[in-house]
Amino acid sequence: MKKIKYALILPLICFCIAATAQSYTKTAYGIKTSVNAIDIEIQFFSPKIVRIIKSPAGINDVKNSLSVIQSPQKQELIIHADGAAITVSSKAIQVKVNKLNGQVTFNDIKGSSLLSEKPEGIKFVPVKDSLENTFTVTQVFQLKQGEAIYGLGQHQEGAMDQRNQRITLKQDNRQVAVPFMHSSKGYGLFWDNYSTTVFDDKESEASFSSQIGNSADYYFIYGGNADGVIAGLRYLTGQAPMFPRWVFGYWQSRERYKSQQQAVGVVKKYRELKVPFDGLVQDWQYWGVDDTQWNSTEFGNPNYPNPKAMIDSVHLLNAHIIISVWPSFGNKTKIWADMNKNGFLYHFSTWPINPAVQPYDAFNPRARDLWWHYTNKNIFSLGMDGWWLDSTEPDHMNARESDDNTPTYLGTFRKVRNAYPLVHTGGVYQHQRATGSDKRVFILARSAFAGQQRNATTVWSGDIGSDWSILRKQISGGLNLSLSGIPYWNTDIGGFFSGGYYRNGIDPAFKELYVRWLQFATFCPMMRSHGTDVPREIYQFGEKGTWAYGAIEKYINLRYRLLPYNYSNAWGITANASTMMRALVMDFPEDPKALNINNEYMFGKAILVCPVTDSMYTSKVSSKTDFDNVKSQSVYLPANHTWFDFWTGDQIKGGQIIKKESPIDVLPLYVKAGSIIPMGPFQQYTSEKSLKNIELRIYPGADGTFTLYEDENDNYNYEKGVYSTIEFKWNDKTKTLTIDSRKRSYPGMIKNRTFNVILVSSNHGTGAGIIQPDKAITYTGLKKVVKF
């Protein structure tokens with residue numbers, strides 16, 4: 001009997017071993033396996049980044065990602081299979097596939113759990129997309145208690161943490177859809193699907209469910225912290241190039257300047273008032289007012305008789321100009337005729353709502369070529385400095401379900417709609433780069449998708465209303481977009497729609513809202529005033545010396561004083577995949593009180609900003625103001641750090657909520673101990689004055705570093721190493737500042753300069769003004785060590 005027993009068991013053992021040995025196929029970048037009629041592939045892109053592809057057995061989903069520009073890379077992998085699971089380990093993470101239910105889990109290299117799919121959490125439901133048989137696809141993930149989720153683009157609900165949210169990811173005027181989930185646990189997940197997708201988070205699980213897909217295709221990124229996660233996403237989808245230096249000055253716009261004389265007059269007025277100014281925006285209808293001429297790319301409006309002279313005049317005033325260009329065209333324009341002849345137009349209603357106007361198929365490379373041909377010939381060749389790409393969703397008005405069947409170069413519009421702004425901005429960026437390298441590309445766009453940062457694009461939050469609650473919601477919207485890997489963002493200062501505020505001049509209530517919004521915008525990557533109903537130029541708010549004018553002027557000046565700090569932080573974005581507008585989780589992940597604050601953030605790694613988002617001194621129902629009773633704003637200062645009041649230099653211990661008196665010209669600002677902030681001169685435009693003398697503010701109490709970046713301010717020579725950096729190091733224990741030797745060089749570089757160093761304390765009463773230095777250090781490019 002024993003022999004029979006062992007004879008029966010032995011083949012069973014052999015069968016199990018054989019099954020284990022054959023349960024997966026090793027590939028150049030990972031493995032392939034199949035569980036319960038679901039094909040699963042694991043591809044490593046780096047030791048910390050892995051792609052998971054799941055599809056119904058036999059479905060060969062060959063997809064060239066529109067977002068991901070990297071290819072999988074060979075790694076040193078250890079593959080272990082047993083009866084329960086297949087584990088693939090890199091040097092940084094472990095990926096485990098459950099052989100019974102197909103569940104994929106992600107652990108760090110020590111085996112600690114990071115993220116798990118829900119067992120049997122994949123779901124494919126057959127659907128027909130026009131004439132193609134495909135699926136709706138859903139994948140459910142299990143999240144941990146206390147885990148916060150960020151990202152997913154920009155939304156208007158005011159939520160910082162996206163737990164317990166159900167969000168439809170579909171490009172719209174005020175909603176930016178980026179299917180990227182960013183966890184406070186130090187990982188991110190990019191769901192690589194371009195159709196309308198629902199993110200649904202419940203108590204212990206979150207899911208992505210896409211309208212169209214032959215597979216569940218996602219990338220797991222282990223960063224360790226928020227900066228590492230964003231660096232991983234940018235590695236996959238592309239780095240953000242440098243903007244020209246003038247982009248970081250002040251921008252003036254309105255809906256709309258109606259003649260070239262009026263547009264140039266705005267620049268002249270700012271120069272006359274000696275208020276800093278760098279960027280002018282020309283909005284729509286320079287082509288004419290008839291919708292059949294919509295977006296002709298030509299200056300058909302008789303109020304613009306000589307557009308080149310307009311652009312040249314702006315340049316002679318040491319300013320720059322960008323122009324509104326749309327993805328739709330009126331049917332009496334030359335570009336429409338060319339697009340239509342080639343079959344490059346969509347046949348659904350867009351903006352303006354007129355059957356004569358149709359958007360183009362930006363997914364088609366030949367259509368993008370044609371768009372650039374006309375825009376370059378009629379606009380860029382005149383000397384235009386940049387692009388305001390409006391309606392990059394594109395607008396889809398009076399939408400019908402059948403509209404989603406509209407064919408594009410890559411399938412139905414339903415299948416690829418969310419990636420439209422990515423390919424549209426990509427066409428503009430690539431064509432301008434091919435046209436010349438002396439002028440850096442700058443694009444202002446209304447929508448975005450993963451990877452759009454590589455197209456030199458800054459996103460604005462859409463046509464929002466002028467309201468205090470809306471102002472507050474912009475903060476979390478911009479922060480979550482930054483946590484989605486897109487670092488450049490801004491809003492229309494004052495809100496776009498401002499009806500009801502204008503009576504006998506600008507209403508005091510709107511003035512207060514505008515001033516507070518402008519203070520917030522001073523600490524955004526782009527500072528741009530724009531809107532309809534109410535004019536926004538500084539001289540519309542009163543005369544010099546009046547309360548609104550004075551507050552506006554003060555913060556525009558502060559913006560220019562911070563230019564060395566901001567431009568260096570922009571280099572950090574390009575060179576180190578950093579982020580300028582930083583949610584508190586990025587710098588204080590160990591402080592649970594900071595994780596869900598939706599009205600504070602760090603601007604760079606030094607300055608904490610808490611915008612005022614409530615009316616304090618006016619009433620919308622009357623014209624009265626009350627500045628005698630100074631109100632206060634509550635501010636949470638993150639724990640385990642000492643903070644300096646930017647305006648007074650006073651030191652405050654973190655881990656507490658404080659009250660900051662906030663008269664109309666004071667925005668609560670705090671600087672983290674250990675910070676080093678370079679301050680430039682007061683100037684009228686970003687290149688007016690030399691940075692031969694830089695004020696260097698050191699905030700003691702902790703060690704700190706800062707790298708000052710400088711280059712030729714425009715062109716792409718920096719990509720060839722034509723720039724310079726100077727690193728500053730503060731040793732708090734020894735009270736020693738080390739200025740390292742300058743690295744690299746560029747034509748016109750300042751070789752000898754003075755750093756006026758201030759060791760900030762309450763004795764300085766710092767703020768935006770120039771401070772008497774504690775030490776003036778002459779620097780010739782060689783290392784210097786200075787003790788205080």
# chains A, B, ... in the order shown; residues from 1 in each chain; ligands from 1

$ select_by_dssp --residues "range 446-587 of chain A" --states "strand (DSSP E or B)" --output "mmCIF file with all heavy atoms, in the first residue's frame"
data_model
loop_
_atom_site.group_PDB
_atom_site.id
_atom_site.type_symbol
_atom_site.label_atom_id
_atom_site.label_comp_id
_atom_site.auth_asym_id
_atom_site.auth_seq_id
_atom_site.Cartn_x
_atom_site.Cartn_y
_atom_site.Cartn_z
ATOM 1 N N THR A 457 4.260 74.069 -21.404
ATOM 2 C CA THR A 457 2.896 74.552 -21.181
ATOM 3 C C THR A 457 2.674 74.915 -19.726
ATOM 4 O O THR A 457 3.048 74.153 -18.824
ATOM 5 C CB THR A 457 1.877 73.462 -21.571
ATOM 6 O OG1 THR A 457 2.067 73.126 -22.945
ATOM 7 C CG2 THR A 457 0.453 73.937 -21.371
ATOM 8 N N THR A 458 2.059 76.061 -19.498
ATOM 9 C CA THR A 458 1.487 76.370 -18.199
ATOM 10 C C THR A 458 -0.030 76.333 -18.347
ATOM 11 O O THR A 458 -0.575 76.746 -19.377
ATOM 12 C CB THR A 458 1.967 77.728 -17.663
ATOM 13 O OG1 THR A 458 1.496 77.908 -16.325
ATOM 14 C CG2 THR A 458 1.483 78.878 -18.506
ATOM 15 N N VAL A 459 -0.694 75.812 -17.345
ATOM 16 C CA VAL A 459 -2.137 75.604 -17.401
ATOM 17 C C VAL A 459 -2.825 76.681 -16.587
ATOM 18 O O VAL A 459 -2.331 77.071 -15.530
ATOM 19 C CB VAL A 459 -2.499 74.210 -16.842
ATOM 20 C CG1 VAL A 459 -3.999 73.956 -16.905
ATOM 21 C CG2 VAL A 459 -1.741 73.124 -17.605
ATOM 22 N N TRP A 460 -3.964 77.190 -17.104
ATOM 23 C CA TRP A 460 -4.761 78.051 -16.243
ATOM 24 C C TRP A 460 -6.069 77.365 -15.913
ATOM 25 O O TRP A 460 -6.496 76.456 -16.618
ATOM 26 C CB TRP A 460 -4.931 79.432 -16.835
ATOM 27 C CG TRP A 460 -6.188 79.751 -17.562
ATOM 28 C CD1 TRP A 460 -7.333 80.282 -17.049
ATOM 29 C CD2 TRP A 460 -6.426 79.594 -18.965
ATOM 30 N NE1 TRP A 460 -8.265 80.466 -18.038
ATOM 31 C CE2 TRP A 460 -7.735 80.054 -19.225
ATOM 32 C CE3 TRP A 460 -5.657 79.104 -20.030
ATOM 33 C CZ2 TRP A 460 -8.290 80.039 -20.504
ATOM 34 C CZ3 TRP A 460 -6.210 79.099 -21.299
ATOM 35 C CH2 TRP A 460 -7.500 79.560 -21.521
ATOM 36 N N GLY A 465 -15.602 81.922 -11.888
ATOM 37 C CA GLY A 465 -16.308 83.108 -11.444
ATOM 38 C C GLY A 465 -15.535 83.902 -10.406
ATOM 39 O O GLY A 465 -14.579 83.409 -9.791
ATOM 40 N N TRP A 489 1.167 76.471 -13.438
ATOM 41 C CA TRP A 489 -0.279 76.651 -13.308
ATOM 42 C C TRP A 489 -0.557 78.075 -12.854
ATOM 43 O O TRP A 489 0.266 78.706 -12.185
ATOM 44 C CB TRP A 489 -0.804 75.641 -12.290
ATOM 45 C CG TRP A 489 -2.255 75.755 -11.946
ATOM 46 C CD1 TRP A 489 -3.303 75.138 -12.575
ATOM 47 C CD2 TRP A 489 -2.826 76.501 -10.864
ATOM 48 N NE1 TRP A 489 -4.488 75.453 -11.949
ATOM 49 C CE2 TRP A 489 -4.227 76.286 -10.903
ATOM 50 C CE3 TRP A 489 -2.302 77.324 -9.872
ATOM 51 C CZ2 TRP A 489 -5.095 76.880 -9.982
ATOM 52 C CZ3 TRP A 489 -3.168 77.923 -8.973
ATOM 53 C CH2 TRP A 489 -4.544 77.687 -9.019
ATOM 54 N N ASN A 490 -1.736 78.591 -13.216
ATOM 55 C CA ASN A 490 -2.147 79.908 -12.747
ATOM 56 C C ASN A 490 -3.651 80.056 -12.910
ATOM 57 O O ASN A 490 -4.331 79.150 -13.420
ATOM 58 C CB ASN A 490 -1.401 81.010 -13.509
ATOM 59 C CG ASN A 490 -1.831 81.123 -14.956
ATOM 60 O OD1 ASN A 490 -2.441 82.106 -15.363
ATOM 61 N ND2 ASN A 490 -1.524 80.107 -15.766
ATOM 62 N N ILE A 493 -6.591 86.284 -12.402
ATOM 63 C CA ILE A 493 -6.642 87.055 -11.164
ATOM 64 C C ILE A 493 -7.970 87.802 -11.083
ATOM 65 O O ILE A 493 -8.333 88.552 -11.981
ATOM 66 C CB ILE A 493 -5.473 88.052 -11.064
ATOM 67 C CG1 ILE A 493 -4.129 87.306 -11.019
ATOM 68 C CG2 ILE A 493 -5.612 88.929 -9.820
ATOM 69 C CD1 ILE A 493 -2.913 88.222 -11.034
ATOM 70 N N PHE A 497 -15.413 85.603 -14.787
ATOM 71 C CA PHE A 497 -16.745 86.219 -14.850
ATOM 72 C C PHE A 497 -16.978 87.079 -13.609
ATOM 73 O O PHE A 497 -17.072 86.561 -12.497
ATOM 74 C CB PHE A 497 -17.826 85.144 -14.947
ATOM 75 C CG PHE A 497 -17.795 84.371 -16.232
ATOM 76 C CD1 PHE A 497 -17.389 83.055 -16.248
ATOM 77 C CD2 PHE A 497 -18.177 84.964 -17.425
ATOM 78 C CE1 PHE A 497 -17.370 82.323 -17.433
ATOM 79 C CE2 PHE A 497 -18.165 84.245 -18.625
ATOM 80 C CZ PHE A 497 -17.757 82.925 -18.625
ATOM 81 N N TYR A 502 -19.606 95.759 -11.019
ATOM 82 C CA TYR A 502 -19.218 97.025 -11.649
ATOM 83 C C TYR A 502 -20.346 98.045 -11.537
ATOM 84 O O TYR A 502 -21.377 97.912 -12.169
ATOM 85 C CB TYR A 502 -18.882 96.763 -13.121
ATOM 86 C CG TYR A 502 -18.043 97.830 -13.759
ATOM 87 C CD1 TYR A 502 -16.691 97.936 -13.429
ATOM 88 C CD2 TYR A 502 -18.561 98.714 -14.694
ATOM 89 C CE1 TYR A 502 -15.892 98.897 -14.027
ATOM 90 C CE2 TYR A 502 -17.769 99.684 -15.292
ATOM 91 C CZ TYR A 502 -16.425 99.765 -14.951
ATOM 92 O OH TYR A 502 -15.631 100.721 -15.540
ATOM 93 N N ILE A 506 -15.150 100.527 -10.409
ATOM 94 C CA ILE A 506 -15.013 99.190 -9.835
ATOM 95 C C ILE A 506 -15.500 99.187 -8.393
ATOM 96 O O ILE A 506 -15.092 100.000 -7.563
ATOM 97 C CB ILE A 506 -13.556 98.708 -9.923
ATOM 98 C CG1 ILE A 506 -13.138 98.576 -11.393
ATOM 99 C CG2 ILE A 506 -13.384 97.363 -9.226
ATOM 100 C CD1 ILE A 506 -11.713 98.154 -11.589
ATOM 101 N N MET A 527 1.965 84.877 -12.859
ATOM 102 C CA MET A 527 1.153 85.944 -12.253
ATOM 103 C C MET A 527 0.465 86.711 -13.379
ATOM 104 O O MET A 527 1.076 87.556 -14.025
ATOM 105 C CB MET A 527 2.040 86.866 -11.424
ATOM 106 C CG MET A 527 1.297 87.933 -10.642
ATOM 107 S SD MET A 527 2.459 89.034 -9.788
ATOM 108 C CE MET A 527 1.339 89.999 -8.790
ATOM 109 N N ARG A 528 -0.819 86.415 -13.608
ATOM 110 C CA ARG A 528 -1.514 86.925 -14.793
ATOM 111 C C ARG A 528 -2.905 87.425 -14.436
ATOM 112 O O ARG A 528 -3.741 86.691 -13.911
ATOM 113 C CB ARG A 528 -1.616 85.805 -15.841
ATOM 114 C CG ARG A 528 -2.324 86.184 -17.131
ATOM 115 C CD ARG A 528 -2.489 84.953 -18.020
ATOM 116 N NE ARG A 528 -3.216 83.903 -17.322
ATOM 117 C CZ ARG A 528 -4.539 83.763 -17.352
ATOM 118 N NH1 ARG A 528 -5.280 84.608 -18.053
ATOM 119 N NH2 ARG A 528 -5.121 82.791 -16.681
ATOM 120 N N SER A 529 -3.165 88.685 -14.747
ATOM 121 C CA SER A 529 -4.467 89.299 -14.520
ATOM 122 C C SER A 529 -5.303 89.174 -15.780
ATOM 123 O O SER A 529 -4.849 89.524 -16.876
ATOM 124 C CB SER A 529 -4.290 90.773 -14.153
ATOM 125 O OG SER A 529 -5.533 91.431 -14.109
ATOM 126 N N MET A 581 5.007 75.036 -6.816
ATOM 127 C CA MET A 581 3.832 75.235 -5.961
ATOM 128 C C MET A 581 3.563 73.916 -5.256
ATOM 129 O O MET A 581 3.066 72.958 -5.853
ATOM 130 C CB MET A 581 2.656 75.674 -6.818
ATOM 131 C CG MET A 581 1.473 76.193 -6.048
ATOM 132 S SD MET A 581 0.245 76.886 -7.187
ATOM 133 C CE MET A 581 -1.067 77.237 -6.009
ATOM 134 N N ARG A 582 3.883 73.847 -3.948
ATOM 135 C CA ARG A 582 4.044 72.578 -3.264
ATOM 136 C C ARG A 582 2.996 72.389 -2.159
ATOM 137 O O ARG A 582 2.928 73.166 -1.206
ATOM 138 C CB ARG A 582 5.450 72.502 -2.641
ATOM 139 C CG ARG A 582 6.565 72.720 -3.653
ATOM 140 C CD ARG A 582 7.925 72.890 -3.007
ATOM 141 N NE ARG A 582 8.343 71.734 -2.247
ATOM 142 C CZ ARG A 582 8.908 70.649 -2.789
ATOM 143 N NH1 ARG A 582 9.138 70.588 -4.088
ATOM 144 N NH2 ARG A 582 9.255 69.633 -2.025
#

$ residues_around --residues "Gly158 in chain A" --least-positions-apart "6" --cutoff "7 Å" --atoms "only C-alpha atoms" --output "short mmCIF file (atom, residue, chain, number, x, y, z; two decimals) with all heavy atoms, in the first residue's frame"
data_model
loop_
_atom_site.label_atom_id
_atom_site.label_comp_id
_atom_site.auth_asym_id
_atom_site.auth_seq_id
_atom_site.Cartn_x
_atom_site.Cartn_y
_atom_site.Cartn_z
N LYS A 473 -11.03 77.53 -3.68
CA LYS A 473 -10.97 76.23 -4.36
C LYS A 473 -9.84 76.16 -5.38
O LYS A 473 -9.40 75.06 -5.73
CB LYS A 473 -12.31 75.94 -5.03
CG LYS A 473 -13.43 75.66 -4.03
CD LYS A 473 -14.78 75.52 -4.72
CE LYS A 473 -15.88 75.27 -3.70
NZ LYS A 473 -17.23 75.22 -4.33
N SER A 476 -6.41 74.31 -3.82
CA SER A 476 -6.30 72.85 -3.86
C SER A 476 -6.29 72.35 -5.30
O SER A 476 -5.64 71.34 -5.61
CB SER A 476 -7.45 72.21 -3.09
OG SER A 476 -8.71 72.62 -3.60
N GLY A 477 -6.99 73.06 -6.21
CA GLY A 477 -6.97 72.66 -7.61
C GLY A 477 -5.58 72.74 -8.20
O GLY A 477 -5.10 71.79 -8.85
#

$ residues_around --residues "Glu117 in chain A" --least-positions-apart "3" --cutoff "8 Å" --atoms "only C-alpha atoms" --output "PDB file with N, CA and C atoms, in the first residue's frame"
ATOM      1  N   GLN A 103      -4.419  38.837  -8.524  1.00  0.00           N
ATOM      2  CA  GLN A 103      -4.154  40.063  -7.770  1.00  0.00           C
ATOM      3  C   GLN A 103      -2.673  40.428  -7.845  1.00  0.00           C
ATOM      4  N   VAL A 104      -2.397  41.708  -8.122  1.00  0.00           N
ATOM      5  CA  VAL A 104      -1.026  42.218  -8.141  1.00  0.00           C
ATOM      6  C   VAL A 104      -0.821  43.085  -6.910  1.00  0.00           C
ATOM      7  N   THR A 105       0.267  42.841  -6.181  1.00  0.00           N
ATOM      8  CA  THR A 105       0.611  43.658  -5.016  1.00  0.00           C
ATOM      9  C   THR A 105       2.010  44.229  -5.193  1.00  0.00           C
ATOM     10  N   GLY A 121     -10.235  42.090  -8.714  1.00  0.00           N
ATOM     11  CA  GLY A 121     -10.711  43.468  -8.846  1.00  0.00           C
ATOM     12  C   GLY A 121     -10.656  44.004 -10.251  1.00  0.00           C
ATOM     13  N   GLN A 139     -10.402  48.677 -12.700  1.00  0.00           N
ATOM     14  CA  GLN A 139      -9.468  48.031 -11.778  1.00  0.00           C
ATOM     15  C   GLN A 139      -9.631  48.666 -10.400  1.00  0.00           C
ATOM     16  N   VAL A 140      -9.806  47.805  -9.391  1.00  0.00           N
ATOM     17  CA  VAL A 140      -9.990  48.259  -8.016  1.00  0.00           C
ATOM     18  C   VAL A 140      -8.704  48.025  -7.234  1.00  0.00           C
ATOM     19  N   PHE A 141      -8.324  49.008  -6.422  1.00  0.00           N
ATOM     20  CA  PHE A 141      -7.123  48.924  -5.590  1.00  0.00           C
ATOM     21  C   PHE A 141      -7.516  49.043  -4.120  1.00  0.00           C
ATOM     22  N   GLN A 142      -6.763  48.378  -3.261  1.00  0.00           N
ATOM     23  CA  GLN A 142      -6.991  48.447  -1.818  1.00  0.00           C
ATOM     24  C   GLN A 142      -6.044  49.476  -1.210  1.00  0.00           C
TER      25      GLN A 142
END

$ residues_around --residues "Ala434 in chain A" --least-positions-apart "6" --cutoff "12 Å" --atoms "only C-alpha atoms" --output "short mmCIF file (atom, residue, chain, number, x, y, z; two decimals) with C-alpha atoms, in the first residue's frame"
data_model
loop_
_atom_site.label_atom_id
_atom_site.label_comp_id
_atom_site.auth_asym_id
_atom_site.auth_seq_id
_atom_site.Cartn_x
_atom_site.Cartn_y
_atom_site.Cartn_z
CA ASP A 369 1.51 70.41 -39.54
CA TRP A 372 1.44 75.32 -37.64
CA ASN A 376 3.62 80.39 -38.22
CA GLY A 427 2.26 69.96 -32.06
CA VAL A 428 2.85 73.64 -31.28
CA ARG A 440 11.92 79.48 -25.94
CA VAL A 441 8.45 78.09 -26.40
#

$ atom_distance --atom1 "CA of Lys554 in chain A" --atom2 "CA of Gly572 in chain A"
27.0 Å

$ select_by_dssp --residues "range 294-452 of chain A" --states "alpha helix (DSSP H)" --output "ChimeraX atom specification"
/A:307-316,334-341,365-378,413-416,420-435

$ residues_around --residues "range 183-198 of chain A" --least-positions-apart "3" --cutoff "7 Å" --atoms "only C-alpha atoms" --output "ChimeraX atom specification"
/A:147-150,167-170,179-180,208-212,217-226,229,414-419

$ closest_residue --among "A:Pro407, A:Gly649, A:Pro244, A:Gly704" --to "Tyr567 in chain A" --atoms "only C-alpha atoms"
A:Pro244

$ residues_around --residues "Asn342 in chain A" --least-positions-apart "6" --cutoff "12 Å" --atoms "only C-alpha atoms" --output "list in words"
Ile335, Trp336, Tyr360, Asp361, Asn364, Arg366, Ala367 and Leu370 of chain A

$ closest_residue --among "A:Ile758, A:Glu393, A:Gly721, A:Asp732" --to "Ser745 in chain A" --atoms "only C-alpha atoms"
A:Gly721

$ residues_around --residues "Met616 in chain A" --least-positions-apart "6" --cutoff "9 Å" --atoms "only C-alpha atoms" --output "compact mmCIF listing (two decimals) with C-alpha atoms, in the first residue's frame"
# COMPACT_ATOMS: atom_id res chain seq x y z
CA GLU A 512 -10.86 93.62 -2.14
CA ASP A 626 -13.91 99.42 7.01
CA PHE A 627 -10.13 99.30 7.34
CA VAL A 630 -7.82 94.95 11.35
CA LYS A 631 -8.88 91.32 10.93
CA SER A 632 -6.74 88.21 11.34
CA SER A 662 -3.98 90.76 7.80
CA PRO A 663 -4.62 94.35 6.75
CA ILE A 664 -5.48 94.68 3.09

$ closest_residue --among "A:Tyr709, A:Trp246, A:Phe442, A:Phe135" --to "Ala456 in chain A" --atoms "only C-alpha atoms"
A:Phe442

$ closest_residue --among "A:Lys258, A:His347, A:Lys692, A:His764" --to "Arg400 in chain A" --atoms "only C-alpha atoms"
A:His347

$ closest_residue --among "A:Lys54, A:Lys672, A:Lys74, A:Lys308" --to "Thr138 in chain A" --atoms "only C-alpha atoms"
A:Lys54

$ atom_distance --atom1 "CA of Tyr685 in chain A" --atom2 "CA of Asn318 in chain A"
7.0 Å

$ atom_distance --atom1 "CA of Pro487 in chain A" --atom2 "CA of Asp200 in chain A"
24.9 Å
